[in-house]
Amino acid sequence: MVTDGILWSIACRPSFAKEVNMQNNQPEYAIETKNLFIFYGSFPAVSEVNMKIEKQKITAIIGPSGCGKSTLLRSFNRMNDFVPGSYVTGEILLHGQNLYGAKIDPVEVRRKIGMVFQKPNPFPKSIYENITWGAKINGYKGDMDELVEQSLRGAALWDEVKDKLKKSAYELSGGQQQRLCIARTIAIQPDIILMDEPASALDPISTLRIEELMQELKKNYTIIIVTHNMQQAARVSDYTAMMMLDKDGSRSGTVIEYSETKRIFTNPKDKRTEDYVTGRFG
Amino acid sequence: MNPARDHYPQGRAFQAELNARYRAASIWQGLFFSALALAILCLSALLYNVIDGTFGYVAYEYKHDPSEFTPRPLDTLNKQELLDILKSNLSSGAFNKLNNEKPMEERSRSDLYSLVIERLIQLDTKQTWPLTDSIFRSKAVRAEAAQKYPKARLEFRSWLTPQFLVSPMSSKAEFAGVRTAILGSLWMVGIAILFALPIGIGAAVYLQEYADKNFINRIIQTNINNLAGVPSIVYGMLGLAIFVRALEPLTSGSLFGVTDSNGRTILSAGLTMGVLVLPLIIINAQEAIKAVPDSLRQAAFGVGATRWQVVWHHVLPNALPGILTGSILAVSRAIGETAPLIVVGASTFISIDPDGPFSKFTALPIQIYQWTTRAQSEFHAIAAGAIFVLLALLLSLNAAAILLRNRFQRKY
């Protein structure tokens, strides 16, 4: 299923590679949303989002609580499908394919777009099995030991756990567990990693390590991160999307400003963004 | 300055108010404790009753004195000597019949000993006394026995003996045992669990993981909850109509070449019990599946798992301890149920062990029920003994399930 999938076949198409090479000097987008609305029942939780997310950059989504940041993030790998009554209008394009198209299998989407959650949620298995489970179910044919080492090194966790790979993942600290979750995600080699407030349950030192790790990861992956912490967004991200509830009182969230992080924090166009990033909001 | 402060009691008023709160608390605490005490009292009364009936004085008479057969005391004889006595005193027809049931040479010494007592000496129990009377009114009991049954011997005996566990059913309480009933109960519970556990877990997985929250599924859910409370006799009628009658070719085994049986078999009883415990298993399995945290499902979906892979690799293994707890309850229910078995047609007198799903059968509750309805007091005594066995069986099955559950227990 994985190798036959539409997303995959397009990415692997020879002409696709050629297109990319031909347009080498133009920015290639990892994900593009077109007039995206996300509904819970009849209520649009997120409305009218048009974003082009750059490849191999870190894009932060910031905004006050309840403005739909996580909802938007979860729509990128169809995690919202599990919420009863939720649906999407508009398009989310990956390699020019709409992720919500009729022929797209959500399993394939999640295979290509990995996710790290707010609370560390390793499987109740050994550290080793936490990495290999995703590989196994996706039909990985290579050497598992190698994959485990490579993934754990990629998540800057190898040196801390290499002697206790068979121990339960629950014996790790919260920060280590979160890095294990990142290792688990990169083990299946996705194109994009979504992070939903990955450091909000961690102490400052663990948070710092995750942030350093993200800088390493962006060499190979596109990262989209939701964060409550504006300093974090300013520190780690290249681009920032500011989300806010509509001012007309419809309680529907939307992206009010999206540009380079530097600009958002130093010279925002929107007054509400300026109020929020300077702490004068509310 | 602060008007709200004035509305709170201060000083002595506060002390009085606090004391009133403590008083109310201690009244409630006392009520809760007395509820617990009442429960313990009821349980002790039950245990007392069973123990009281199982042990005690018994007055019995010998129709023929042992000295008619041997000069030596009976219990000093070895196996061969007992066999010789049986051979020379039983009619050859009776001896051959016993030999056909099980060859004499293969029988144990205690088996032969009870045969001598049963067939030759023909022990006859006149009266039994409960344990309390036997201990505290021992003199009165002796006097009563001597006066009513001058020829009888008075002995203190336990009706719950190793012999009682391994003997088959008998028309004489002294020789009756619960082996066939224990085996019948175990077969029945085994079939019920084999039938109900996979179906129950399957239904629970479907309802929790796959079913949409729509009107039809809500009705199904409500009905399952209600089915758990349907009286067991109704399930007995269901079993009679479906398993005993409609599916007779299957449950009697005639489809598989078994000829000497009708639909009133262990299989019918096991399937009926299975249907009876099915809602219980579904509800418990659903609760166990609900208790698996959503973060685990999301983690698995997040690495590209299909719904089935999430269920099989994460939800079921982590719900297993809870599912096992539910099946403990189901087993306890199935092993103690009597009414459906009466309707489905358990035999009340059966002396051969059940040897497969198509055998006729009896079960412990049936046996107990049947013995308690007899007039003779010795049957009441063995009924008390059988209750002991039933409770012990229940506890050991539960203990096994708990051990199994603890083996699988994981924390998140």
# chains A, B, ... in the order shown; residues from 1 in each chain; ligands from 1
$ interface_residues --of "chain B" --to "chain A" --cutoff "9 Å" --atoms "only C-alpha atoms" --output "list in words"
Asp212, Lys213, Ser295, Leu296, Gln298, Ala299, Ala300, Phe301, Gly302, Val303, Gly304, Ala305, Thr306, Arg307, Gln309, His314, Asn318, Arg410, Lys411 and Tyr412 of chain B
$ select_by_dssp --residues "stretch 43-252 of chain A" --states "strand (DSSP E)" --output "PyMOL selection string"
chain A and resi 43-54+58-62+86-94+97-98+113-116+192-196+222-226+239-245
$ write_last_selection --atoms "C-alpha atoms" --output "PDB file, in the first residue's frame"
ATOM      1  CA  PHE A  43     -19.078  24.983  13.406  1.00  0.00           C
ATOM      2  CA  PRO A  44     -15.992  26.125  11.498  1.00  0.00           C
ATOM      3  CA  ALA A  45     -13.173  25.824  14.047  1.00  0.00           C
ATOM      4  CA  VAL A  46     -10.685  27.131  11.517  1.00  0.00           C
ATOM      5  CA  SER A  47     -11.613  29.183   8.500  1.00  0.00           C
ATOM      6  CA  GLU A  48      -9.997  30.444   5.350  1.00  0.00           C
ATOM      7  CA  VAL A  49      -6.374  29.446   5.781  1.00  0.00           C
ATOM      8  CA  ASN A  50      -4.052  30.000   2.837  1.00  0.00           C
ATOM      9  CA  MET A  51      -0.470  29.068   3.667  1.00  0.00           C
ATOM     10  CA  LYS A  52       2.559  27.892   1.769  1.00  0.00           C
ATOM     11  CA  ILE A  53       4.924  26.103   4.106  1.00  0.00           C
ATOM     12  CA  GLU A  54       8.576  26.077   3.080  1.00  0.00           C
ATOM     13  CA  ILE A  58      10.660  25.319  10.839  1.00  0.00           C
ATOM     14  CA  THR A  59       7.264  26.939  10.727  1.00  0.00           C
ATOM     15  CA  ALA A  60       5.706  27.921  14.031  1.00  0.00           C
ATOM     16  CA  ILE A  61       1.984  28.404  14.590  1.00  0.00           C
ATOM     17  CA  ILE A  62       1.289  30.731  17.506  1.00  0.00           C
ATOM     18  CA  SER A  86     -15.254  16.788  11.696  1.00  0.00           C
ATOM     19  CA  TYR A  87     -14.667  17.578   8.040  1.00  0.00           C
ATOM     20  CA  VAL A  88     -12.634  19.853   5.847  1.00  0.00           C
ATOM     21  CA  THR A  89     -13.356  22.062   2.887  1.00  0.00           C
ATOM     22  CA  GLY A  90     -10.734  23.592   0.641  1.00  0.00           C
ATOM     23  CA  GLU A  91      -7.442  21.886  -0.109  1.00  0.00           C
ATOM     24  CA  ILE A  92      -4.241  20.858   1.603  1.00  0.00           C
ATOM     25  CA  LEU A  93      -1.708  20.090  -1.091  1.00  0.00           C
ATOM     26  CA  LEU A  94       1.308  17.833  -0.738  1.00  0.00           C
ATOM     27  CA  GLN A  97      -2.114  16.255  -4.337  1.00  0.00           C
ATOM     28  CA  ASN A  98      -5.003  17.191  -2.088  1.00  0.00           C
ATOM     29  CA  ILE A 113       3.696  13.285   7.689  1.00  0.00           C
ATOM     30  CA  GLY A 114       4.753  12.197  11.166  1.00  0.00           C
ATOM     31  CA  MET A 115       3.576  13.703  14.416  1.00  0.00           C
ATOM     32  CA  VAL A 116       4.969  14.421  17.885  1.00  0.00           C
ATOM     33  CA  ILE A 192       7.261  16.441   7.339  1.00  0.00           C
ATOM     34  CA  ILE A 193       7.190  16.334  11.145  1.00  0.00           C
ATOM     35  CA  LEU A 194       4.300  17.988  12.965  1.00  0.00           C
ATOM     36  CA  MET A 195       4.932  18.969  16.581  1.00  0.00           C
ATOM     37  CA  ASP A 196       2.001  19.869  18.820  1.00  0.00           C
ATOM     38  CA  THR A 222      10.186  20.103   7.231  1.00  0.00           C
ATOM     39  CA  ILE A 223       8.934  20.908  10.717  1.00  0.00           C
ATOM     40  CA  ILE A 224       5.669  22.554  11.678  1.00  0.00           C
ATOM     41  CA  ILE A 225       5.349  23.332  15.379  1.00  0.00           C
ATOM     42  CA  VAL A 226       2.468  24.628  17.436  1.00  0.00           C
ATOM     43  CA  TYR A 239       8.488  31.282   9.612  1.00  0.00           C
ATOM     44  CA  THR A 240       5.624  32.077  11.948  1.00  0.00           C
ATOM     45  CA  ALA A 241       1.890  31.953  11.433  1.00  0.00           C
ATOM     46  CA  MET A 242      -0.152  34.052  13.847  1.00  0.00           C
ATOM     47  CA  MET A 243      -3.620  32.667  14.502  1.00  0.00           C
ATOM     48  CA  MET A 244      -6.471  34.517  16.148  1.00  0.00           C
ATOM     49  CA  LEU A 245     -10.218  34.160  16.562  1.00  0.00           C
TER      50      LEU A 245
END
$ select_by_dssp --residues "stretch 113-252 of chain A" --states "alpha helix (DSSP H)" --output "number ranges by chain"
A: 127-137, 144-154, 158-161, 174-187, 204-217, 230-236
$ residues_around --residues "stretch 80-83 of chain B" --least-positions-apart "6" --cutoff "9 Å" --atoms "only C-alpha atoms" --output "count of residues only"
7
$ closest_residue --among "B:Ala145, B:Ala152, B:Leu271, B:Val258" --to "B:Ala196" --atoms "only C-alpha atoms"
B:Leu271
$ residues_around --residues "B:Ser114" --least-positions-apart "4" --cutoff "8 Å" --atoms "only C-alpha atoms" --output "PyMOL selection string"
chain B and resi 110+118+175
$ write_last_selection --atoms "C-alpha atoms" --output "short mmCIF file (atom, residue, chain, number, x, y, z; two decimals), in the first residue's frame"
data_model
loop_
_atom_site.label_atom_id
_atom_site.label_comp_id
_atom_site.auth_asym_id
_atom_site.auth_seq_id
_atom_site.Cartn_x
_atom_site.Cartn_y
_atom_site.Cartn_z
CA SER B 110 -10.39 -47.60 49.78
CA GLU B 118 -22.00 -50.51 51.02
CA PHE B 175 -21.00 -43.09 49.36
#
$ atom_distance --atom1 "atom CA of A:Thr266" --atom2 "atom CA of A:Arg209"
25.8 Å
$ residues_around --residues "B:Gln127" --least-positions-apart "2" --cutoff "7 Å" --atoms "only C-alpha atoms" --output "PyMOL selection string"
chain B and resi 58-59+125+129+377
$ closest_residue --among "A:Ser42, A:Glu212, A:Ile127, A:Ser75" --to "A:Trp158" --atoms "only C-alpha atoms"
A:Ile127
$ decode --residues "stretch 42-84 of chain A" --atoms "N, CA and C atoms" --output "compact mmCIF listing (two decimals), in the first residue's frame"
# COMPACT_ATOMS: atom_id res chain seq x y z
N SER A 42 -21.30 21.68 12.45
CA SER A 42 -21.57 22.80 11.56
C SER A 42 -20.69 24.00 11.88
N PHE A 43 -19.85 23.85 12.92
CA PHE A 43 -19.08 24.98 13.41
C PHE A 43 -17.69 24.99 12.77
N PRO A 44 -17.33 26.08 12.08
CA PRO A 44 -15.99 26.12 11.50
C PRO A 44 -14.97 26.52 12.56
N ALA A 45 -14.17 25.54 13.03
CA ALA A 45 -13.17 25.82 14.05
C ALA A 45 -12.03 26.65 13.46
N VAL A 46 -11.74 26.38 12.21
CA VAL A 46 -10.68 27.13 11.52
C VAL A 46 -11.25 27.53 10.16
N SER A 47 -11.07 28.80 9.80
CA SER A 47 -11.61 29.18 8.50
C SER A 47 -10.59 29.95 7.65
N GLU A 48 -10.70 29.70 6.40
CA GLU A 48 -10.00 30.44 5.35
C GLU A 48 -8.50 30.56 5.60
N VAL A 49 -7.83 29.41 5.60
CA VAL A 49 -6.37 29.45 5.78
C VAL A 49 -5.71 29.22 4.43
N ASN A 50 -4.85 30.16 4.05
CA ASN A 50 -4.05 30.00 2.84
C ASN A 50 -2.59 30.15 3.22
N MET A 51 -1.87 29.04 3.23
CA MET A 51 -0.47 29.07 3.67
C MET A 51 0.37 28.26 2.70
N LYS A 52 1.60 28.73 2.51
CA LYS A 52 2.56 27.89 1.77
C LYS A 52 3.72 27.65 2.72
N ILE A 53 3.90 26.41 3.10
CA ILE A 53 4.92 26.10 4.11
C ILE A 53 6.19 25.64 3.41
N GLU A 54 7.30 26.31 3.77
CA GLU A 54 8.58 26.08 3.08
C GLU A 54 9.18 24.75 3.48
N LYS A 55 9.88 24.15 2.52
CA LYS A 55 10.58 22.88 2.78
C LYS A 55 11.79 23.10 3.67
N GLN A 56 12.05 22.14 4.51
CA GLN A 56 13.24 22.12 5.37
C GLN A 56 13.43 23.42 6.14
N LYS A 57 12.31 23.93 6.57
CA LYS A 57 12.32 25.09 7.46
C LYS A 57 11.43 24.73 8.65
N ILE A 58 11.56 25.51 9.71
CA ILE A 58 10.66 25.32 10.84
C ILE A 58 9.61 26.41 10.79
N THR A 59 8.37 25.98 10.74
CA THR A 59 7.26 26.94 10.73
C THR A 59 6.53 26.82 12.06
N ALA A 60 6.41 27.93 12.76
CA ALA A 60 5.71 27.92 14.03
C ALA A 60 4.30 28.46 13.85
N ILE A 61 3.35 27.87 14.56
CA ILE A 61 1.98 28.40 14.59
C ILE A 61 1.75 28.89 16.01
N ILE A 62 1.51 30.19 16.17
CA ILE A 62 1.29 30.73 17.51
C ILE A 62 -0.10 31.38 17.57
N GLY A 63 -0.51 31.67 18.79
CA GLY A 63 -1.82 32.30 18.96
C GLY A 63 -2.39 31.95 20.31
N PRO A 64 -3.42 32.67 20.73
CA PRO A 64 -4.00 32.42 22.05
C PRO A 64 -4.71 31.06 22.11
N SER A 65 -5.02 30.61 23.33
CA SER A 65 -5.69 29.32 23.50
C SER A 65 -7.02 29.28 22.77
N GLY A 66 -7.34 28.12 22.21
CA GLY A 66 -8.64 27.92 21.60
C GLY A 66 -8.82 28.57 20.25
N CYS A 67 -7.71 28.98 19.60
CA CYS A 67 -7.88 29.65 18.32
C CYS A 67 -7.72 28.68 17.16
N GLY A 68 -7.54 27.39 17.45
CA GLY A 68 -7.52 26.40 16.38
C GLY A 68 -6.13 26.02 15.88
N LYS A 69 -5.09 26.36 16.66
CA LYS A 69 -3.72 26.01 16.23
C LYS A 69 -3.56 24.50 16.05
N SER A 70 -3.95 23.75 17.12
CA SER A 70 -3.78 22.30 17.06
C SER A 70 -4.68 21.69 15.99
N THR A 71 -5.89 22.22 15.88
CA THR A 71 -6.81 21.72 14.85
C THR A 71 -6.19 21.86 13.47
N LEU A 72 -5.60 23.02 13.21
CA LEU A 72 -4.96 23.24 11.91
C LEU A 72 -3.82 22.25 11.71
N LEU A 73 -2.98 22.11 12.77
CA LEU A 73 -1.82 21.22 12.66
C LEU A 73 -2.27 19.78 12.39
N ARG A 74 -3.30 19.35 13.13
CA ARG A 74 -3.76 17.97 12.99
C ARG A 74 -4.43 17.71 11.66
N SER A 75 -4.90 18.76 11.01
CA SER A 75 -5.50 18.54 9.69
C SER A 75 -4.43 18.17 8.67
N PHE A 76 -3.16 18.53 8.96
CA PHE A 76 -2.09 18.25 7.99
C PHE A 76 -1.78 16.76 7.87
N ASN A 77 -2.05 15.97 8.93
CA ASN A 77 -1.88 14.52 8.73
C ASN A 77 -3.17 13.77 9.05
N ARG A 78 -4.27 14.45 8.89
CA ARG A 78 -5.62 13.86 9.00
C ARG A 78 -5.87 13.21 10.34
N MET A 79 -5.29 13.75 11.40
CA MET A 79 -5.57 13.26 12.74
C MET A 79 -6.97 13.69 13.18
N ASN A 80 -7.50 14.75 12.56
CA ASN A 80 -8.85 15.19 12.93
C ASN A 80 -9.92 14.22 12.46
N ASP A 81 -9.54 13.29 11.58
CA ASP A 81 -10.52 12.31 11.11
C ASP A 81 -11.15 11.55 12.26
N PHE A 82 -10.42 11.45 13.38
CA PHE A 82 -10.94 10.65 14.50
C PHE A 82 -11.95 11.41 15.34
N VAL A 83 -12.05 12.73 15.12
CA VAL A 83 -13.05 13.51 15.86
C VAL A 83 -14.38 13.34 15.13
N PRO A 84 -15.39 12.77 15.81
CA PRO A 84 -16.67 12.54 15.14
C PRO A 84 -17.25 13.86 14.62
